[in-house]
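Data file: target-v2.txt. Format and content: compact mmCIF, C-alpha atoms.
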```
# COMPACT_ATOMS: atom_id res chain seq x y z
CA MET M 1 -38.37 -47.43 -48.40
CA THR M 2 -36.12 -44.42 -47.83
CA LYS M 3 -32.77 -44.76 -49.54
CA LYS M 4 -29.93 -44.98 -47.02
CA GLN M 5 -27.09 -42.49 -47.21
CA ALA M 6 -23.69 -44.04 -47.97
CA ILE M 7 -20.90 -43.63 -45.43
CA ASP M 8 -18.16 -41.21 -46.45
CA LEU M 9 -14.88 -41.75 -44.63
CA GLY M 10 -13.31 -38.80 -46.37
CA PRO M 11 -10.33 -38.65 -48.74
CA PRO M 12 -7.08 -40.43 -47.91
CA LEU M 13 -4.43 -38.47 -46.07
CA MET M 14 -1.98 -36.49 -48.19
CA PRO M 15 1.39 -37.17 -46.56
CA LYS M 16 4.31 -34.77 -46.71
CA PRO M 17 7.63 -36.22 -45.58
CA LYS M 18 8.97 -32.67 -45.27
CA MET M 19 6.91 -29.76 -43.94
CA ALA M 20 7.42 -26.36 -42.36
CA PRO M 21 8.02 -27.00 -38.64
CA ASN M 22 4.93 -25.04 -37.47
CA GLU M 23 2.60 -26.32 -40.21
CA PRO M 24 -0.27 -28.62 -39.07
CA CYS M 25 0.91 -32.20 -39.46
CA TRP M 26 -0.30 -34.14 -42.50
CA CYS M 27 -1.71 -36.92 -40.28
CA GLY M 28 -4.63 -34.77 -39.07
CA SER M 29 -3.69 -34.85 -35.38
CA GLY M 30 -4.00 -31.06 -35.16
CA ARG M 31 -0.47 -30.71 -33.84
CA LYS M 32 2.41 -28.93 -35.50
CA TRP M 33 4.58 -31.13 -37.71
CA LYS M 34 7.64 -30.53 -35.50
CA LYS M 35 5.67 -31.87 -32.50
CA CYS M 36 4.20 -34.80 -34.40
CA HIS M 37 5.66 -36.70 -37.38
CA LYS M 38 8.94 -34.85 -37.80
CA ASP M 39 11.76 -37.44 -37.57
CA ARG M 40 9.29 -40.05 -36.26
CA GLU M 41 11.02 -42.78 -38.23
CA HIS M 42 14.17 -42.24 -36.15
CA GLN M 43 12.42 -42.59 -32.77
CA GLN M 44 12.17 -45.76 -30.71
CA ARG M 45 9.57 -48.12 -32.14
CA ALA M 46 6.26 -48.18 -30.26
CA ASN M 47 4.36 -51.20 -28.98
CA PRO M 48 0.75 -50.91 -30.22
CA PHE M 49 -0.47 -53.22 -27.45
CA ASP M 50 0.69 -50.75 -24.81
CA MET M 51 -1.42 -48.05 -26.45
CA MET M 52 -4.48 -50.27 -26.55
CA GLN M 53 -4.49 -50.07 -22.75
CA LYS M 54 -6.18 -46.68 -23.20
CA GLN M 55 -9.39 -48.58 -23.90
CA ASP M 56 -9.05 -50.42 -20.59
CA GLU M 57 -8.46 -47.11 -18.79
CA ILE M 58 -11.75 -45.73 -20.12
CA PHE M 59 -13.52 -48.87 -18.94
CA ARG M 60 -12.04 -48.46 -15.45
CA VAL M 61 -13.02 -44.78 -15.07
CA GLY M 62 -16.60 -45.05 -16.29
CA TYR M 63 -19.74 -43.01 -15.77
CA CYS M 64 -23.42 -43.64 -15.03
CA SER M 65 -25.50 -44.37 -18.15
CA HIS M 66 -28.88 -43.99 -16.45
CA PRO M 67 -31.22 -41.57 -18.27
CA GLU M 68 -31.33 -39.39 -15.13
CA ALA M 69 -27.55 -39.10 -14.89
CA PRO M 70 -25.73 -36.90 -14.15
CA ASP M 71 -28.44 -34.56 -12.80
CA ALA M 72 -29.94 -37.10 -10.39
CA CYS M 73 -26.97 -39.35 -9.83
CA SER M 74 -24.90 -39.20 -6.66
CA GLY M 75 -23.31 -42.64 -6.76
CA LYS M 76 -19.91 -43.65 -8.14
CA PRO M 77 -19.79 -45.93 -11.18
CA ILE M 78 -19.59 -49.58 -10.19
CA ARG M 79 -18.67 -52.75 -12.06
CA SER M 80 -22.13 -53.33 -13.45
CA HIS M 81 -22.82 -56.80 -14.86
CA THR M 82 -24.30 -56.83 -18.35
CA ILE M 83 -25.07 -60.51 -17.74
CA GLN M 84 -26.51 -61.29 -14.35
CA LYS M 85 -23.83 -62.80 -12.10
CA SER M 86 -26.20 -64.82 -9.95
CA GLY M 87 -27.88 -67.34 -12.21
CA GLY M 88 -26.54 -66.10 -15.56
CA LEU M 89 -22.75 -66.33 -15.22
CA SER M 90 -22.70 -68.62 -12.19
CA ALA M 91 -24.83 -71.13 -14.11
CA ILE M 92 -22.12 -71.62 -16.76
CA ALA M 93 -19.06 -71.14 -14.52
CA GLU M 94 -16.67 -73.80 -13.29
CA GLU M 95 -14.88 -73.05 -10.02
CA GLY M 96 -16.04 -69.45 -10.34
CA HIS M 97 -14.54 -68.92 -13.81
CA VAL M 98 -15.73 -68.67 -17.40
CA MET M 99 -13.98 -68.39 -20.73
CA SER M 100 -14.34 -64.78 -21.84
CA ALA M 101 -13.82 -63.15 -25.22
CA ARG M 102 -13.51 -59.71 -23.61
CA GLY M 103 -10.10 -58.13 -24.14
CA THR M 104 -8.80 -60.89 -26.40
CA LYS M 105 -7.20 -58.27 -28.68
CA ASN M 106 -4.77 -57.50 -25.85
CA TYR M 107 -3.34 -61.02 -26.13
CA LEU M 108 -2.75 -61.10 -29.89
CA HIS M 109 1.01 -60.75 -29.43
CA LYS M 110 0.99 -63.83 -27.18
CA THR M 111 -1.38 -65.98 -29.25
CA GLY M 112 0.20 -65.40 -32.66
CA GLY M 113 -2.69 -63.25 -33.85
CA ARG M 114 -5.43 -65.64 -32.71
CA LEU M 115 -8.42 -64.29 -30.79
CA THR M 116 -8.46 -66.86 -28.03
CA PRO M 117 -10.90 -66.52 -25.09
CA GLN M 118 -9.26 -66.26 -21.68
CA LYS M 119 -10.35 -67.72 -18.34
CA THR M 120 -11.92 -64.96 -16.22
CA GLY M 121 -13.55 -64.84 -12.79
CA ILE M 122 -17.28 -64.19 -12.77
CA ASN M 123 -16.83 -61.16 -10.50
CA SER M 124 -15.28 -59.26 -13.41
CA ALA M 125 -16.65 -61.10 -16.47
CA SER M 126 -19.24 -59.04 -18.38
CA THR M 127 -18.76 -55.96 -16.19
CA PHE M 128 -18.32 -52.34 -17.18
CA ASN M 129 -18.28 -49.18 -15.09
CA GLY M 130 -21.40 -47.92 -16.80
CA PHE M 131 -23.87 -47.39 -13.94
CA CYS M 132 -23.80 -46.25 -10.35
CA GLY M 133 -24.93 -48.81 -7.79
CA PRO M 134 -28.37 -47.35 -6.95
CA HIS M 135 -29.35 -46.76 -10.58
CA ASP M 136 -28.10 -50.17 -11.72
CA ALA M 137 -30.09 -51.97 -9.03
CA ALA M 138 -33.30 -49.97 -9.52
CA LEU M 139 -33.32 -49.88 -13.32
CA PHE M 140 -32.72 -53.55 -14.06
CA ARG M 141 -34.53 -55.18 -11.12
CA PRO M 142 -37.53 -56.11 -13.33
CA ILE M 143 -35.37 -58.28 -15.60
CA GLU M 144 -33.25 -59.84 -12.85
CA SER M 145 -35.97 -61.31 -10.67
CA ALA M 146 -36.55 -65.05 -10.39
CA SER M 147 -39.64 -64.85 -12.62
CA VAL M 148 -39.54 -62.49 -15.60
CA SER M 149 -42.43 -62.00 -18.01
CA LEU M 150 -41.94 -60.63 -21.51
CA THR M 151 -43.63 -57.23 -21.40
CA PRO M 152 -43.04 -53.93 -23.21
CA LYS M 153 -41.07 -52.70 -20.18
CA THR M 154 -38.82 -55.78 -19.86
CA ALA M 155 -38.22 -55.70 -23.62
CA PHE M 156 -37.25 -52.04 -23.29
CA LEU M 157 -34.86 -52.78 -20.42
CA SER M 158 -33.18 -55.57 -22.39
CA LEU M 159 -32.74 -53.15 -25.28
CA PHE M 160 -31.51 -50.34 -23.00
CA ARG M 161 -28.88 -52.47 -21.25
CA GLY M 162 -27.37 -53.70 -24.52
CA VAL M 163 -27.34 -50.24 -26.09
CA ALA M 164 -25.83 -48.61 -22.98
CA TYR M 165 -22.98 -51.13 -22.99
CA GLU M 166 -22.36 -50.72 -26.73
CA TYR M 167 -22.28 -46.92 -26.43
CA PHE M 168 -19.86 -47.19 -23.51
CA ALA M 169 -17.64 -49.62 -25.44
CA LYS M 170 -17.64 -47.45 -28.57
CA ARG M 171 -16.51 -44.43 -26.56
CA ALA M 172 -13.62 -46.46 -25.18
CA GLU M 173 -12.76 -47.76 -28.66
CA PHE M 174 -12.75 -44.23 -30.07
CA ALA M 175 -10.30 -43.14 -27.35
CA CYS M 176 -8.17 -46.17 -28.14
CA ALA M 177 -8.10 -45.25 -31.84
CA GLU M 178 -6.90 -41.76 -30.92
CA ALA M 179 -4.11 -43.21 -28.78
CA MET M 180 -3.15 -45.59 -31.58
CA ARG M 181 -2.17 -42.62 -33.78
CA GLU M 182 1.19 -42.76 -31.96
CA ALA M 183 1.79 -46.43 -32.75
CA ASP M 184 3.67 -45.73 -36.00
CA VAL M 185 6.66 -44.36 -34.08
CA GLY M 186 9.86 -45.89 -35.45
CA ARG M 187 8.34 -47.00 -38.75
CA PRO M 188 9.69 -45.83 -42.12
CA ILE M 189 7.83 -43.02 -43.88
CA GLN M 190 5.80 -45.35 -46.12
CA GLY M 191 4.80 -47.43 -43.11
CA GLN M 192 3.68 -44.26 -41.29
CA ILE M 193 1.54 -43.25 -44.27
CA GLU M 194 -0.15 -46.65 -44.53
CA PHE M 195 -0.70 -46.84 -40.79
CA GLN M 196 -2.13 -43.33 -40.45
CA ASN M 197 -4.55 -43.90 -43.34
CA PHE M 198 -5.72 -47.11 -41.65
CA ILE M 199 -6.16 -45.38 -38.29
CA ALA M 200 -7.95 -42.41 -39.89
CA ALA M 201 -10.46 -44.70 -41.61
CA TRP M 202 -10.88 -46.80 -38.45
CA GLN M 203 -11.46 -43.76 -36.28
CA ALA M 204 -13.87 -42.22 -38.78
CA GLY M 205 -15.86 -45.44 -38.84
CA ILE M 206 -15.94 -45.65 -35.05
CA GLY M 207 -16.98 -42.00 -34.90
CA ILE M 208 -19.93 -42.66 -37.20
CA ALA M 209 -20.93 -45.73 -35.19
CA LEU M 210 -20.56 -43.78 -31.96
CA GLY M 211 -22.85 -41.05 -33.28
CA GLU M 212 -25.48 -43.57 -34.34
CA ILE M 213 -25.48 -45.61 -31.13
CA GLY M 214 -25.44 -42.32 -29.19
CA ALA M 215 -28.58 -41.17 -31.00
CA PHE M 216 -30.18 -44.55 -30.26
CA LYS M 217 -29.27 -44.16 -26.58
CA GLN M 218 -30.81 -40.67 -26.53
CA ASP M 219 -34.03 -42.05 -28.00
CA LEU M 220 -34.16 -44.72 -25.30
CA ASP M 221 -33.50 -42.09 -22.62
CA ARG M 222 -36.49 -40.12 -23.94
CA ARG M 223 -38.65 -43.24 -23.95
CA TYR M 224 -37.70 -43.95 -20.34
CA PHE M 225 -38.86 -40.53 -19.15
CA HIS M 226 -42.17 -40.85 -21.01
CA ALA M 227 -42.68 -44.59 -20.40
CA ASP M 228 -43.00 -44.82 -24.18
CA PHE M 229 -42.40 -48.41 -25.28
CA THR M 230 -44.19 -48.19 -28.61
CA GLY M 231 -42.36 -49.95 -31.41
CA ILE M 232 -40.16 -51.94 -29.00
CA CYS M 233 -40.24 -55.61 -30.01
CA ALA M 234 -38.71 -58.76 -28.59
CA HIS M 235 -38.43 -62.47 -29.24
CA GLU M 236 -37.54 -65.04 -26.59
CA SER M 237 -36.52 -68.67 -26.99
CA THR M 238 -36.36 -70.95 -23.95
CA PHE M 239 -34.11 -74.03 -23.99
CA ASP M 240 -34.45 -77.33 -22.18
CA GLY M 241 -31.47 -76.62 -19.91
CA VAL M 242 -28.55 -74.26 -19.42
CA LEU M 243 -26.56 -73.41 -22.54
CA PRO M 244 -22.75 -73.25 -22.10
CA ILE M 245 -22.64 -69.71 -23.51
CA ALA M 246 -23.95 -66.36 -22.23
CA VAL M 247 -24.02 -62.96 -23.92
CA SER M 248 -25.23 -59.37 -23.76
CA CYS M 249 -24.64 -57.04 -26.69
CA ALA M 250 -26.06 -54.60 -29.24
CA PHE M 251 -25.09 -54.68 -32.92
CA HIS M 252 -26.34 -53.79 -36.39
CA PRO M 253 -26.78 -57.11 -38.24
CA GLU M 254 -25.75 -57.20 -41.89
CA PHE M 255 -26.96 -60.75 -42.62
CA ASP M 256 -29.43 -63.10 -41.01
CA LEU M 257 -28.68 -66.72 -40.11
CA ARG M 258 -29.69 -67.88 -43.59
CA GLY M 259 -27.20 -65.54 -45.26
CA GLN M 260 -29.84 -63.05 -46.41
CA ARG M 261 -28.74 -59.41 -46.37
CA LEU M 262 -30.55 -57.26 -43.82
CA GLN M 263 -28.74 -53.95 -44.34
CA SER M 264 -25.42 -52.66 -45.65
CA LEU M 265 -22.70 -51.49 -43.26
CA ALA M 266 -21.65 -49.04 -45.97
CA HIS M 267 -24.74 -46.94 -45.17
CA LEU M 268 -25.74 -44.58 -42.37
CA ASP M 269 -28.82 -44.89 -40.13
CA LEU M 270 -28.33 -48.56 -39.40
CA ASP M 271 -30.83 -50.44 -37.24
CA TYR M 272 -29.63 -52.12 -34.08
CA VAL M 273 -30.70 -55.29 -32.30
CA THR M 274 -29.74 -56.47 -28.83
CA LEU M 275 -29.03 -60.07 -27.95
CA GLY M 276 -28.98 -61.33 -24.39
CA THR M 277 -29.23 -64.51 -22.36
CA SER M 278 -30.55 -65.22 -18.88
CA VAL M 279 -31.17 -68.35 -16.85
CA ARG M 280 -34.62 -68.89 -15.37
CA ASP M 281 -35.59 -72.01 -13.45
CA GLY M 282 -32.56 -73.87 -14.79
CA LYS M 283 -33.25 -72.98 -18.43
CA THR M 284 -31.46 -70.52 -20.72
CA VAL M 285 -33.65 -67.84 -22.29
CA VAL M 286 -32.31 -66.07 -25.41
CA THR M 287 -33.80 -62.62 -26.00
CA PHE M 288 -33.66 -60.46 -29.12
CA ALA M 289 -34.96 -56.89 -28.72
CA TRP M 290 -35.22 -54.16 -31.35
CA ARG M 291 -37.11 -51.09 -32.56
CA GLY M 292 -39.57 -51.52 -35.41
CA GLY M 293 -41.74 -54.40 -36.52
CA LEU M 294 -41.10 -57.79 -38.01
CA ASP M 295 -39.69 -56.23 -41.20
CA ALA M 296 -36.94 -54.36 -39.32
CA PRO M 297 -33.46 -55.95 -39.45
CA GLY M 298 -33.83 -57.05 -35.83
CA GLY M 299 -37.17 -58.69 -36.55
CA ARG M 300 -35.83 -60.48 -39.60
CA LEU M 301 -32.75 -61.68 -37.69
CA ALA M 302 -34.96 -63.01 -34.89
CA ALA M 303 -37.17 -64.72 -37.48
CA SER M 304 -34.15 -66.44 -39.04
CA PHE M 305 -33.17 -67.66 -35.57
CA GLN M 306 -36.70 -68.94 -34.98
CA ALA M 307 -36.68 -70.69 -38.37
CA LEU M 308 -33.68 -72.84 -37.42
CA PRO M 309 -34.44 -76.39 -36.26
CA PRO M 310 -34.77 -76.31 -32.44
CA GLU M 311 -31.60 -78.40 -32.06
CA ASP M 312 -29.59 -75.86 -34.12
CA ARG M 313 -30.59 -72.63 -32.38
CA ALA M 314 -27.88 -72.88 -29.73
CA THR M 315 -25.33 -73.09 -32.55
CA GLY M 316 -26.99 -70.06 -34.15
CA LEU M 317 -26.59 -68.17 -30.89
CA ALA M 318 -22.89 -69.09 -30.74
CA ILE M 319 -22.33 -67.85 -34.30
CA LEU M 320 -23.96 -64.49 -33.52
CA CYS M 321 -21.76 -64.17 -30.43
CA PHE M 322 -18.54 -64.96 -32.27
CA VAL M 323 -19.23 -62.54 -35.13
CA HIS M 324 -20.80 -59.57 -33.39
CA THR M 325 -19.39 -59.08 -29.89
CA GLU M 326 -16.58 -59.62 -27.42
CA ASN M 327 -19.06 -59.67 -24.53
CA TRP M 328 -19.75 -63.40 -24.58
CA HIS M 329 -18.68 -65.97 -22.03
CA ALA M 330 -18.65 -69.76 -22.02
CA THR M 331 -18.20 -72.79 -19.81
CA PRO M 332 -14.44 -73.55 -19.80
CA SER M 333 -14.80 -77.30 -20.31
CA TRP M 334 -17.21 -76.78 -23.22
CA TRP M 335 -14.80 -74.44 -25.02
CA THR M 336 -11.72 -76.61 -24.51
CA ALA M 337 -13.62 -79.76 -25.55
CA LEU M 338 -14.57 -78.30 -28.94
CA PRO M 339 -12.86 -80.15 -31.81
CA THR M 340 -9.91 -78.14 -33.08
CA PRO M 341 -11.56 -77.35 -36.48
CA HIS M 342 -14.63 -75.93 -34.71
CA ARG M 343 -12.57 -73.84 -32.30
CA THR M 344 -10.46 -72.57 -35.20
CA ARG M 345 -13.59 -71.63 -37.13
CA ALA M 346 -14.94 -69.78 -34.10
CA GLU M 347 -11.71 -67.80 -33.83
CA GLN M 348 -11.92 -66.96 -37.55
CA LEU M 349 -15.43 -65.60 -37.08
CA MET M 350 -14.23 -63.58 -34.09
CA ARG M 351 -11.63 -61.90 -36.31
CA ARG M 352 -14.31 -60.37 -38.54
CA GLY M 353 -13.92 -57.05 -36.74
CA LEU M 354 -10.16 -56.96 -37.39
CA PRO M 355 -8.15 -56.36 -40.57
CA SER M 356 -7.42 -59.64 -42.35
CA ASP M 357 -6.76 -61.26 -45.70
CA ASP M 358 -9.96 -63.28 -45.33
CA GLY M 359 -11.89 -61.09 -47.75
CA PRO M 360 -15.11 -59.14 -47.11
CA ARG M 361 -17.74 -60.44 -44.73
CA SER M 362 -20.16 -62.70 -46.55
CA GLY M 363 -23.60 -64.04 -45.79
CA ALA M 364 -22.11 -67.51 -46.17
CA ASP M 365 -20.28 -66.98 -42.88
CA TYR M 366 -23.58 -67.34 -41.08
CA LEU M 367 -24.76 -70.60 -42.64
CA MET M 368 -25.07 -73.36 -40.11
CA GLU M 369 -23.00 -75.93 -41.96
CA ASN M 370 -19.95 -73.67 -41.57
CA MET M 371 -20.10 -73.84 -37.76
CA PRO M 372 -21.55 -77.23 -36.73
CA LEU M 373 -21.13 -76.84 -32.96
CA ARG M 374 -24.34 -78.74 -32.25
CA VAL M 375 -24.67 -77.56 -28.67
CA GLN M 376 -26.71 -80.27 -27.00
CA ARG M 377 -29.63 -78.13 -25.86
CA VAL M 378 -32.91 -77.76 -27.70
CA ALA M 379 -35.24 -74.74 -27.90
CA VAL M 380 -38.54 -75.85 -26.39
CA SER M 381 -40.68 -72.70 -26.38
CA GLU M 382 -40.76 -69.17 -27.70
CA GLU M 383 -42.60 -65.91 -27.23
CA LEU M 384 -42.90 -62.85 -29.48
CA LEU M 385 -43.72 -59.31 -28.37
CA LEU M 386 -44.62 -56.66 -30.95
CA GLY M 387 -44.75 -53.14 -29.51
```

Render the structure in this file as structure tokens.
Amino acid sequence: MTKKQAIDLGPPLMPKPKMAPNEPCWCGSGRKWKKCHKDREHQQRANPFDMMQKQDEIFRVGYCSHPEAPDACSGKPIRSHTIQKSGGLSAIAEEGHVMSARGTKNYLHKTGGRLTPQKTGINSASTFNGFCGPHDAALFRPIESASVSLTPKTAFLSLFRGVAYEYFAKRAEFACAEAMREADVGRPIQGQIEFQNFIAAWQAGIGIALGEIGAFKQDLDRRYFHADFTGICAHESTFDGVLPIAVSCAFHPEFDLRGQRLQSLAHLDLDYVTLGTSVRDGKTVVTFAWRGGLDAPGGRLAASFQALPPEDRATGLAILCFVHTENWHATPSWWTALPTPHRTRAEQLMRRGLPSDDGPRSGADYLMENMPLRVQRVAVSEELLLG
């Protein structure tokens, strides 16, 4: 096995409270000190939540992620559903609404720092302006029909959709990190130093992740043009009814559902897996898709999911959603009916992507006894595709 290269976020910033006015600012913004951090502690304090709106602006502008874009793309970006609205979201909605984890960071100042899902209409839940209308309809038609078979092509499309969304989201997050450089306005010098070092490390990490998911997206674009689905694998589990939770995402798993390490987030060249749900004939289908064989991180994660007792797999799905993505949605009455300890635990797992005093992420976070949701649906069949 090739040894992975460790991530290098670079040295910490070397702050200078006093600099020559035209000298490049110590924060690394590229601007002159007089136009950047000079006298910043005396300026009106900024609201970081206002600056996080930059991420929402990127989502609203959008672009087409189809492999043929922009050369063969004449349509405007639309609100493309990562989870099918008809059947997928509508199956778990109540009065046209679902509980959504998307954008929960924007409400932290109202919820006392808790990541609490918000009620959202299904017309906007799970959407992103990542495809034009014609390309979105044509590309994903094979996995949105009433009857979908697990084939190399459908596995590829499941993988492509999740990766396209993650790449889009990472670009927006990178822009948000750049905007957040201004959020230390009004803080004392020491606070500026601590904040800028945090932002620099955050942005460097996002930049690395953006480069990796971008390279993955380029590989999938190439595969599309050549109809090359070799090495694309998938695992599907079908449940005995509709689960109260739906998801579409791509992530690089660090641990499986038994707490076994799959890869280290401190290294480069991480392997991704996509996780998605659909509803077919009144039954939820959970799909994992990845590159590589059964020994790849995606294959081992899917195997740990398959190894759970059938009655625990829905809980396993919920845990993966809480830890790895914002792009999950749930039936409102199911979420509100969760016992307070379970809902609190879910919110703790959702905070894993944010700074906290909770300590480093541990494999123990994934063990089933730590999140006993016991969703009352049982996995009744499964199918494995090895490309």

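Taking all atoms listed in the file into account, Tyr167 of chain M lies nearest to M:Ile206 out of the set M:Ala101, M:Val380, M:Ala330, M:Ile206.
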
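Residue nearest Ile122 of chain M within the list M:Thr331, M:Pro310, M:Asp184, M:Cys27: M:Thr331 [criterion: smallest interatomic distance, only C-alpha atoms].
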
- Interatomic distance, atom CA of Leu320 of chain M to atom CA of Leu308 of chain M (Å, one decimal): 13.4 Å

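If you look at atom CA of Ala46 of chain M and atom CA of Ser124 of chain M, they are 29.5 Å away from each other.
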
- Query: Is there a way to get, as a count of residues only, all residues within 6 Å of the point (-21.1, -65.8, -36.6) in file coordinates, counting only C-alpha atoms?
  - Reply: 6

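If all atoms listed in the file are the atoms counted, then among M:His81, M:Arg40, M:Pro17, M:Trp328 the closest residue to Gly186 of chain M is M:Arg40.
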